[in-house]
Amino acid sequence: MVVTVVTTSPFADQRPGTSGLRKRTPVFQQPHYLENFVQALLEEAALQAGQSLVIGGDGRYFNREAIGTIIRMAAANGITHVVVGRGGLLSTPAASHLIRQGAAGGIILSASHNPGGPDGDFGIKYNAGNGGPAPESFTNAVAARAAALTRYRVADLPPYDLDVLGRQPLGDVTLDVVDPVRAYADLMASLFDFDAIRALFARGFRMRMDSMHAITGPYAVEILERQLGAPEGTVINAVPLPDFGGGHPDPNLTYAHDLVEEMFGVHALDFGAASDGDGDRNMILGQRFFVTPSDSLAVLAANATLVPGYRGGLAGVARSMPTSAAVDAVAETLGIPCFETPTGWKFFGTLLDAGRITLCGEESFGTGSNHVREKDGLWAVLFWLNVIAARGESVEQIVRQHWATYGRNYYTRYDYEAVPSEAANGVMALLRSALAGLPGTSLGGRTVHAADDFAYTDPVDGSTSAKQGIRVLFTDGARIVYRLSGTGTEGATIRVYIESRETVPERLGMETAVALRELVDVALGLAEIVARTGRTEPTVIT
């Protein structure tokens with residue numbers, strides 16, 4: 001094997017964000033750009049000979065070319081065993097599962113729910129041996145290496161074929177091309193009552209799964225249609241495409257518009273679901289009924305013992321700080337711990353590894369459990385189907401009964417995407433300057449109990465994370481949260497989260513926009529959103 005050492009210069013923008021390094025695709029296609037970051041990542045990972053590295057991505061534009069580069073660089077850096085999903089394709093939860101079968105780590109190529117294509121977005125992140133996203137200590141070290149990099153290593157390898165299953169010797173490195181769909185389907189069958197779900201479909205239960213021309217299509221077709229007996233065509237947009245069919249693979253009410261139109265139409269089906277670019281997010285819909293991600297986590301926690309994989313109960317639950325406190329009420333009733341973490345799935349990893357929690361979730365359409373170390377869109381869909389089969393009730397009936405039992409957390413999120421960074425930072429600076437004077441004041445008829453910039457100390461490893469989002473907490477349990485998202489590639493995304501808790505039975509059936517109208521006005525006015533960004537409307541409301 002011939003290894004070439006290439007002289008290079010560092011790039012100034014290779015600091016990973018919440019979910020790895022994400023940039024426009026042309027940025028990654030620059031000479032040396034991908035190679036520099038991969039070299040820094042491989043050096044920091046320091047895999048030893050004999051250890052396995054998993055590689056795969058969501059199939060977006062530049063996926064296969066990037067995988068080829070990473071394989072050659074992995075071989076040049078002494079890695080002797082590489083595992084790749086057939087065609088270079090791996091959903092993020094399936095990659096986590098493969099890593100947990102004995103690999104030392106994995107490189108996942110995805111920009112998650114961001115658009116793809118030649119002018120779209122691309123991303124790369126490293127998952128550790130537990131199957132979860134690398135911690136901040138690792139990503140900070142990678143950034144430091146990348147900032148000082150002067151050379152990278154790449155090997156010449158014999159021809160190989162990513163579309164042929166099996167083992168392919170490539171000199172000093174062995175390439176295994178595997179079928180991740182089968183392995184993932186087997187994992188799901190071990191968790192859920194497939195017989196009960198088959199019986200549900202056999203009774204005429206009708207659903208639609210929108211895979212948004214993203215990675216979950218093959219997984220959803222295999223499990224829902226072939227194994228569980230859902231009619232052919234239940235899964236739409238099932239073929240992964242490099243540009244996601246020109247769509248935006250984000251499973252929310254704005255971007256999954258075809259599914260939403262069907263589920264809220266005259267001939268609405270019983271159940272609707274969607275997943276995102278890399279398969280780790282989900283949206284759940286009943287017949288003319290939207291389930292917020294926060295409510296979804298709470299409902300799954302409350303009904304977990306109906307599902308075989310969780311019949312023994314939950315060790316605990318966790319949510320990201322901006323996620324509504326709906327699951328907190330369930331945890332209190334069940335007498336189990338509920339942890340509040342910063343945004344980012346990596347913060348759940350230590351809690352899962354330590355056995356402190358079983359279920360976890362984020363308001364950004366992500367839900368998961370201890371079966372992998374990533375959020376998992378199709379898993380959430382199957383969990384809901386299992387609960388529906390066990391209870392014999394509709395999605396709306398289950399959620400409304402949940403509200404009657406635990407109370408309702410009215411909740412919404414306003415996203416202002418691609419805001420110039422200077423304006424976005426100005427909003428956050430304004431809010432931080434006002435924190436000290438907010439407690440005790442009245443805003444919109446509510447009294448502020450506390451206001452802070454959320455900081456987190458991991459209860460397992462003691463690591464700390466500061467400045468994770470501005471919180472304004474009211475005495476009646478209402479909250480406003482502001483944070484800048486780390487998942488975009490252009491400018492900054494300001495996210496504003498508004499929440500109000502209600503337990504009075506007569507007030508549990510209000511429209512969310514009506515219930516939160518006054519609090520939304522308070523939130524936007526306090527941050528001077530319109531004046532500082534020029535945006536009179538958010539890009540997306542969820």
# chains A, B, ... in the order shown; residues from 1 in each chain; ligands from 1
>>> select_by_dssp(residues="segment 163-273 of chain A", states="strand (DSSP E or B)", output="NGL selection string")
:A and (166-170 or 173-178 or 207-210 or 235-236 or 271-273)
>>> residues_around(residues="segment 349-366 of chain A", least_positions_apart="3", cutoff="6 Å", atoms="only C-alpha atoms", output="ChimeraX atom specification")
/A:281-282,293-294,314-320,323,346,369-370,375
>>> residues_around(residues="Glu422 of chain A", least_positions_apart="5", cutoff="10 Å", atoms="only C-alpha atoms", output="list in words")
Val427, Gly491, Ala492, Arg532 and Thr533 of chain A
>>> residues_around(residues="Gly166 of chain A", least_positions_apart="2", cutoff="8 Å", atoms="only C-alpha atoms", output="PyMOL selection string")
chain A and resi 164+168+176-178
>>> write_last_selection(atoms="C-alpha atoms", output="JSON list (two decimals), in the first residue's frame")
[["chain", "number", "residue", "atom", "x", "y", "z"],
["A", 164, "VAL", "CA", -21.56, -5.48, -3.26],
["A", 168, "GLN", "CA", -13.23, -7.08, 0.29],
["A", 176, "ASP", "CA", -16.81, -4.94, 4.92],
["A", 177, "VAL", "CA", -19.89, -3.78, 3.02],
["A", 178, "VAL", "CA", -22.94, -4.62, 5.13]]
>>> select_by_dssp(residues="segment 270-512 of chain A", states="alpha helix (DSSP H)", output="PyMOL selection string")
chain A and resi 293-302+326-334+346-353+377-391+395-406+421-434+512
>>> closest_atom_pairs(of="segment 375-489 of chain A", to="segment 217-238 of chain A", cutoff="12 Å", atoms="only C-alpha atoms", output="CSV")
residue,atom,partner,partner_atom,distance
A:Asp376,CA,A:Tyr219,CA,11.9
A:Gly377,CA,A:Ala220,CA,10.2
A:Leu378,CA,A:Ala220,CA,7.1
A:Trp379,CA,A:Ala220,CA,10.1
A:Ala380,CA,A:Ala220,CA,12.0
A:Val381,CA,A:Ala220,CA,9.7
A:Leu382,CA,A:Leu224,CA,8.8
A:Leu385,CA,A:Leu224,CA,10.3
A:Asn386,CA,A:Leu228,CA,11.4
>>> closest_residue(among="A:Thr457, A:Thr405, A:Thr69, A:Ser324", to="Arg501 of chain A", atoms="only C-alpha atoms")
A:Ser324
>>> atom_distance(atom1="atom CA of Ile541 of chain A", atom2="atom CA of Asp276 of chain A")
17.1 Å
>>> atom_distance(atom1="atom CA of Glu518 of chain A", atom2="atom CA of Ile498 of chain A")
10.3 Å
